[in-house]
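First up is the structure itself, then whatever we jot down about it.
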Amino acid sequence: MTESNETEILSKIENARERISSELSKVIIGQETIIEQMIIGLMARGHALLTGVPGLGKTLLVKSIAQTFSLSFKRIQFTPDLMPADILGTEVVEEDKNTGKRLFRFVQGPIFANMVLADEINRTPPKTQAALLEAMGERQVTAAGQTFELEPPFFVLATQNPIELEGTYPLPEAQLDRFLLNVVMDYLPQADEIRMVTETTAAQKDPLQPVFSAEEILEIQDWVRQVPVSEHVVSYAVRLAGATRPSVESSPDFIKDQIKWGAGSRASQALILAGKARALLNGRYTVAVEDVQALAIPVLRHRIIPNFHAEAEGITADKVIQRLLETIKE
């Protein structure tokens, strides 16, 4: 790729970032890092899990991001009685008026959209959660003996509440691994919360306007894949993900003492892919180790499982990853 093409791409990405920020600022106060990580996930053609306590605006954020794109959008409220057919679709019997014969017709469910909000995904049993696995991993749905391709771009943006255990079903590791990023939404700083309360209790602002078409998003996703990455950055990402595995002899001692299961190979891919998107978003056409380090926690936190002793001592996955970043040198 020529230098002029690189400059043109970076200019378009910068313009895209400004347009998204301008629209989202109408309804979302603060949370710049969270918004950046969510956009990185979309640029990298990945799904994102948004974790946070009630009342922080998780659902509002996802719906607002969806409104900035000219994409079909469906929201699924996950509940304990939700069934796989409620997500994928079901067969209905229809009678042909001319022949009188009864035929089965497949009615598509809400998964057939470009952007799907899986709201409170951990409130439904594993059987229903698993209905998303094929769609998220292969971007297709098998139902009624047929395979249906999902129209690109396709994203699942899910929310979950980490503190309420009653009536929830923790996501299995296979499901969690399908998410490129696990973005944790925290409380706003006091100054931002004052501004948020003031603005959200005043007169309603203009509605959000779509700023991207499906074609533009697919083009950006192709650009992300073309960003070059040096061998030493790939090596760093692989070593970082590999160091989370307690069964690997070269892993640090604290990993062997505190981690039950480490991240798989998909984590290494996610670090590089998300790093490419972050580099473009920050005006660079090459991936640096800093990009991998900046995204290590949202990429790895849902892919490693602390053991009983670590949990008893209050050692979280985030703390383990932070210590790894200090241990694994470039």
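Ligands are numbered from 1 in the order shown, residues from 1 within each chain, and chains are lettered A, B, ... in the order they appear in the structure tokens.
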
Review point. Could you pull out the alpha helix (DSSP H) residues of segment 73-146 of chain A from DSSP and send them as a PyMOL selection string?
Key: chain A and resi 84-88+126-129+133-138

Which residues of segment 274-296 of chain A have any atom within 10 Å of an atom in segment 229-250 of chain A when counting only C-alpha atoms, and what is the closest pair of atoms for each, with the distance in Å to one decimal? Order the rows by chain and rising number and write it as JSON lines.
```
{"residue": "A:Gly275", "atom": "CA", "partner": "A:Val229", "partner_atom": "CA", "distance": 9.2}
{"residue": "A:Lys276", "atom": "CA", "partner": "A:Val229", "partner_atom": "CA", "distance": 7.8}
{"residue": "A:Tyr285", "atom": "CA", "partner": "A:Val229", "partner_atom": "CA", "distance": 9.1}
{"residue": "A:Thr286", "atom": "CA", "partner": "A:Val229", "partner_atom": "CA", "distance": 6.0}
{"residue": "A:Val287", "atom": "CA", "partner": "A:Val229", "partner_atom": "CA", "distance": 5.4}
{"residue": "A:Ala288", "atom": "CA", "partner": "A:Val233", "partner_atom": "CA", "distance": 6.5}
{"residue": "A:Val289", "atom": "CA", "partner": "A:Val233", "partner_atom": "CA", "distance": 5.6}
{"residue": "A:Glu290", "atom": "CA", "partner": "A:Val233", "partner_atom": "CA", "distance": 9.3}
{"residue": "A:Asp291", "atom": "CA", "partner": "A:Val233", "partner_atom": "CA", "distance": 9.4}
{"residue": "A:Val292", "atom": "CA", "partner": "A:Ala237", "partner_atom": "CA", "distance": 6.7}
{"residue": "A:Gln293", "atom": "CA", "partner": "A:Ala237", "partner_atom": "CA", "distance": 8.6}
{"residue": "A:Ala296", "atom": "CA", "partner": "A:Leu240", "partner_atom": "CA", "distance": 8.5}
```

Exercise for review: Using only C-alpha atoms, pick whichever of A:Arg303, A:Lys26, A:Arg139, A:Arg45 has the shortest atom-to-atom distance to Arg225 of chain A.
Suggested key: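 Nearest candidate to Arg225 of chain A out of A:Arg303, A:Lys26, A:Arg139, A:Arg45: A:Arg45.
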
Exercise for review: Compile the contact shell of Asp222 of chain A as a ChimeraX atom specification: residues with an atom at most 12 Å away, counting only C-alpha atoms, same-chain residues fewer than 3 positions apart removed.
Suggested key: /A:9,42-45,153,215-219,225-227,273,276-277,280

Check your understanding: Closest to Gly109 of chain A among A:Gly46, A:Gly30, A:Gly89, A:Pro207, using only C-alpha atoms?
Key -> A:Gly89

Review point. Which residues, written as a VMD selection string, have at least one atom at most 9 Å from segment 15-22 of chain A, with only C-alpha atoms counted and residues fewer than 2 positions away on the same chain left out?
Key: chain A and resid 10 to 13 24 to 26 32 35 39 65 68 211 to 212 281

Point to revise | Separation of atom CA of Leu324 of chain A from atom CA of Ser251 of chain A, in Å and rounded to one decimal | key: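 Between these atoms lies a distance of 9.8 Å.
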
Check your understanding: Which is closest to Ala158 of chain A among A:Leu82, A:Ala279, A:Ile76, A:Ile304, if we use only C-alpha atoms?
Key ->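 Counting only C-alpha atoms, the residue closest to Ala158 of chain A is A:Ile76.
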
**Study point:** Test item: residues at most 7 Å from Ser70 of chain A, only C-alpha atoms, excluding those fewer than 6 positions along its chain, as a ChimeraX atom specification
**Key:** /A:210,212-214

Review point. Interatomic distance between atom CA of Asn282 of chain A and atom CA of Glu14 of chain A?
Key: 7.8 Å

Practice item. Write out as a PyMOL selection string each polymer residue whose atoms come within 10 Å of segment 187-190 of chain A, counting only C-alpha atoms; drop sequence neighbours fewer than 6 positions from it. Key: chain A and resi 29-31+52-53+55-56+196

Pull C-alpha atoms from the residues just selected and write them as a CSV table (one decimal), in the first residue's frame.
```csv
chain,number,residue,atom,x,y,z
A,29,ILE,CA,-21.4,11.9,29.2
A,30,GLY,CA,-17.8,10.9,29.8
A,31,GLN,CA,-16.9,7.2,29.4
A,52,GLY,CA,-21.3,-3.0,34.8
A,53,VAL,CA,-23.6,-2.5,37.8
A,55,GLY,CA,-27.8,2.3,36.4
A,56,LEU,CA,-24.6,3.2,34.5
A,196,MET,CA,-24.9,13.9,33.2
```

Point to revise | Best match for closeness to Thr147 of chain A among A:Ala135, A:Leu171, A:Ala317, A:Ile194, counting only C-alpha atoms | key: A:Ala135

Exercise for review: Please provide the set of residues having any atom within 12 Å of Gln146 of chain A, restricted to only C-alpha atoms, with same-chain residues fewer than 5 positions apart removed, written as a PyMOL selection string.
Suggested key: chain A and resi 88-91+105-106+108+140-141
